[in-house]
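Source file: work-v1.cif (mmCIF, C-alpha atoms)
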```
data_protein
loop_
_atom_site.label_atom_id
_atom_site.label_comp_id
_atom_site.auth_asym_id
_atom_site.auth_seq_id
_atom_site.Cartn_x
_atom_site.Cartn_y
_atom_site.Cartn_z
CA MET A 12 3.83 -88.02 -153.05
CA ALA A 13 4.01 -84.95 -155.17
CA VAL A 14 0.75 -83.80 -153.69
CA LYS A 15 2.18 -84.08 -150.20
CA ASP A 16 5.27 -82.08 -151.12
CA ARG A 17 3.15 -79.48 -152.79
CA ASP A 18 0.94 -79.20 -149.68
CA ARG A 19 3.99 -78.96 -147.49
CA PHE A 20 5.29 -75.93 -149.33
CA SER A 21 1.96 -74.19 -149.83
CA THR A 22 1.40 -70.90 -148.07
CA ALA A 23 -1.70 -72.03 -146.23
CA THR A 24 0.08 -75.07 -144.86
CA ARG A 25 3.08 -73.02 -143.80
CA LEU A 26 0.90 -70.44 -142.08
CA LYS A 27 -1.07 -73.14 -140.32
CA LEU A 28 2.13 -74.83 -139.15
CA LEU A 29 3.62 -71.51 -138.06
CA GLY A 30 0.45 -70.66 -136.10
CA GLU A 31 0.47 -74.01 -134.34
CA GLN A 32 4.15 -73.63 -133.38
CA THR A 33 3.57 -70.10 -132.12
CA ALA A 34 0.52 -71.18 -130.14
CA ALA A 35 2.51 -74.03 -128.59
CA ARG A 36 5.33 -71.66 -127.58
CA VAL A 37 2.91 -69.14 -126.08
CA TYR A 38 1.07 -71.88 -124.21
CA ARG A 39 4.35 -73.30 -122.87
CA SER A 40 5.62 -69.90 -121.75
CA GLN A 41 2.32 -69.04 -120.09
CA THR A 42 2.17 -72.31 -118.20
CA LYS A 43 5.79 -71.93 -117.09
CA ARG A 44 5.20 -68.36 -116.01
CA GLN A 45 2.00 -69.26 -114.19
CA ALA A 46 3.60 -72.26 -112.54
CA ARG A 47 6.59 -70.22 -111.50
CA ARG A 48 4.45 -67.35 -110.27
CA SER A 49 2.07 -69.48 -108.31
CA ARG A 50 4.85 -71.57 -106.77
CA LEU A 51 6.81 -68.46 -105.73
CA THR A 52 3.70 -66.77 -104.38
CA GLY A 53 2.74 -69.83 -102.37
CA ARG A 54 6.20 -70.11 -100.88
CA ALA A 55 6.30 -66.42 -100.12
CA ALA A 56 2.87 -66.57 -98.50
CA LEU A 57 3.90 -69.56 -96.39
CA LEU A 58 7.13 -67.84 -95.37
CA ALA A 59 5.24 -64.66 -94.48
CA LEU A 60 2.72 -66.67 -92.48
CA VAL A 61 5.47 -68.47 -90.56
CA LEU A 62 7.34 -65.23 -89.85
CA CYS A 63 4.18 -63.45 -88.69
CA SER A 64 3.25 -66.30 -86.40
CA LEU A 65 6.79 -66.32 -84.96
CA VAL A 66 6.65 -62.58 -84.35
CA VAL A 67 3.25 -62.84 -82.69
CA ALA A 68 4.30 -65.84 -80.61
CA LEU A 69 7.60 -64.31 -79.45
CA ALA A 70 6.65 -60.63 -79.05
CA TYR A 71 5.31 -60.81 -75.49
CA PRO A 72 8.01 -63.13 -74.08
CA ILE A 73 10.76 -61.02 -75.62
CA ARG A 74 9.19 -57.86 -74.19
CA GLN A 75 9.03 -59.50 -70.78
CA TYR A 76 12.63 -60.68 -71.07
CA VAL A 77 13.87 -57.20 -71.97
CA SER A 78 11.94 -55.54 -69.14
CA GLN A 79 13.18 -58.13 -66.63
CA ARG A 80 16.77 -57.67 -67.79
CA ALA A 81 16.38 -53.91 -67.30
CA GLU A 82 14.96 -54.50 -63.83
CA VAL A 83 17.83 -56.84 -62.96
CA SER A 84 20.40 -54.29 -64.09
CA ASP A 85 18.66 -51.60 -62.00
CA LEU A 86 18.75 -53.87 -58.96
CA VAL A 87 22.42 -54.65 -59.52
CA ARG A 88 23.16 -50.92 -59.73
CA GLU A 89 21.19 -50.27 -56.53
CA ARG A 90 23.05 -53.10 -54.79
CA GLU A 91 26.39 -51.58 -55.77
CA GLN A 92 25.27 -48.17 -54.50
CA ALA A 93 24.15 -49.74 -51.23
CA ARG A 94 27.51 -51.49 -50.86
CA ALA A 95 29.32 -48.20 -51.49
CA ARG A 96 27.10 -46.48 -48.88
CA VAL A 97 27.83 -49.26 -46.36
CA GLU A 98 31.56 -48.79 -46.94
CA GLN A 99 31.22 -45.03 -46.41
CA LEU A 100 29.33 -45.60 -43.17
CA ARG A 101 31.93 -48.12 -41.97
CA ASP A 102 34.69 -45.57 -42.68
CA LEU A 103 32.73 -42.91 -40.81
CA LYS A 104 32.19 -45.26 -37.86
CA ALA A 105 35.89 -46.09 -37.78
CA ARG A 106 36.74 -42.38 -37.81
CA TRP A 107 34.37 -41.69 -34.92
CA GLN A 108 36.17 -44.42 -32.94
CA ASP A 109 39.28 -42.25 -33.09
CA ASP A 110 39.34 -39.81 -30.15
CA ALA A 111 41.16 -37.09 -32.12
CA TYR A 112 38.51 -37.08 -34.86
CA ALA A 113 35.68 -37.00 -32.29
CA GLU A 114 37.34 -34.09 -30.49
CA GLN A 115 37.77 -32.17 -33.75
CA GLN A 116 34.11 -32.68 -34.70
CA ILE A 117 32.93 -31.63 -31.25
CA ARG A 118 34.98 -28.46 -31.44
CA ASP A 119 33.74 -27.62 -34.94
CA ARG A 120 30.09 -28.45 -34.49
CA LEU A 121 29.44 -27.48 -30.87
CA HIS A 122 32.06 -24.72 -30.57
CA TYR A 123 33.67 -26.30 -27.51
CA VAL A 124 37.08 -25.08 -26.41
CA MET A 125 39.68 -26.71 -24.23
CA PRO A 126 40.39 -25.22 -20.79
CA GLY A 127 42.65 -22.22 -21.16
CA GLU A 128 41.65 -21.47 -24.77
CA THR A 129 39.59 -18.48 -25.85
CA GLY A 130 36.73 -19.16 -28.23
CA TYR A 131 35.79 -16.69 -30.95
CA ILE A 132 32.77 -16.70 -33.22
CA VAL A 133 32.93 -14.64 -36.39
CA ILE A 134 29.56 -13.45 -37.60
CA ASP A 135 29.00 -13.10 -41.32
CA PRO A 136 28.32 -9.42 -42.12
CA ASP A 137 25.80 -10.43 -44.82
CA ALA A 138 23.84 -12.41 -42.25
CA ALA A 139 23.65 -9.34 -39.99
CA LYS A 140 22.28 -7.23 -42.87
CA GLN A 141 19.72 -9.91 -43.65
CA SER A 142 18.49 -9.95 -40.05
CA ARG A 143 18.12 -6.15 -40.09
CA VAL A 144 16.00 -6.41 -43.25
CA ASP A 145 13.77 -8.95 -41.52
CA GLN A 146 13.40 -6.66 -38.50
CA GLY A 147 12.11 -3.90 -40.79
CA ALA A 148 9.33 -6.24 -41.90
CA ALA A 149 7.72 -6.06 -38.44
CA ASP A 150 6.87 -2.39 -39.00
CA ARG A 151 4.85 -3.06 -42.15
CA PRO A 152 1.33 -4.54 -42.45
CA TRP A 153 1.11 -8.33 -42.68
CA TYR A 154 -0.14 -8.41 -46.26
CA ALA A 155 2.91 -6.48 -47.46
CA ASN A 156 5.12 -9.14 -45.88
CA VAL A 157 3.10 -11.87 -47.60
CA TRP A 158 3.51 -10.23 -51.01
CA ASP A 159 7.23 -9.72 -50.41
CA GLY A 160 7.53 -13.41 -49.59
CA VAL A 161 5.74 -14.29 -52.82
CA ASP A 162 7.99 -11.96 -54.80
CA ARG A 163 11.11 -13.46 -53.22
CA ALA A 164 9.93 -16.99 -53.96
CA ASP A 165 9.19 -16.02 -57.54
CA ALA A 166 12.61 -14.40 -57.91
CA THR A 167 14.41 -17.55 -56.73
CA ASP A 168 12.61 -19.64 -59.41
CA ARG A 169 14.09 -17.48 -62.13
#
```

Can you dump the structure from the file as structure tokens?
Amino acid sequence: MAVKDRDRFSTATRLKLLGEQTAARVYRSQTKRQARRSRLTGRAALLALVLCSLVVALAYPIRQYVSQRAEVSDLVREREQARARVEQLRDLKARWQDDAYAEQQIRDRLHYVMPGETGYIVIDPDAAKQSRVDQGAADRPWYANVWDGVDRADATDR
């Protein structure tokens, strides 16, 4: 028994025991780490695979749904505009049924006057100047008139 006690306290035995304990701890920690890592990676890969397949499976139907919803909202807006236009036309038709409104429009648009009234037409002085400028164009060669037209068109774009 003394030999066993002596071996138990010898340096070589202690170092051997310490090495075995350390090796066991390292082996346990490595297996835990590897098990944890591989389990987490497998779950993450499965989750990523499921999410990717969901995205791929639902991308086209969702795109179609969104485009159809946009088209429906455009059609609803057009329908409301058409209803508003119908209401405007109904109001206009009702106004034209009134004789006083029809008479007023005839007088304004066609310059009719009632018997006994004197009709006057006021000419815009700027319009008279414009017509005189156009009359001066007849005295010039045709290509000068063409270039003036091009210049005027270019000036209105600016």

Enter the distance from atom CA of Val83 of chain A to atom CA of Asp102 of chain A, in Å, rounded to one decimal.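 Interatomic distance, atom CA of Val83 of chain A to atom CA of Asp102 of chain A: 28.7 Å.
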
Expressed in Å to a single decimal, how great is the separation between atom CA of Leu100 of chain A and atom CA of Leu86 of chain A? 20.7 Å

Record the distance separating atom CA of Ala95 of chain A and atom CA of Gln116 of chain A, expressed in Å with one decimal.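 Taking atom CA of Ala95 of chain A and atom CA of Gln116 of chain A, their separation equals 23.4 Å.
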
Box centre and edge lengths (Å, one decimal), axis-aligned, segment 27-37 of chain A plus 3 Å each side, as AutoDock Vina command-line options:
```
--center_x 2.1 --center_y -72.0 --center_z -133.2 --size_x 12.4 --size_y 11.7 --size_z 20.2
```
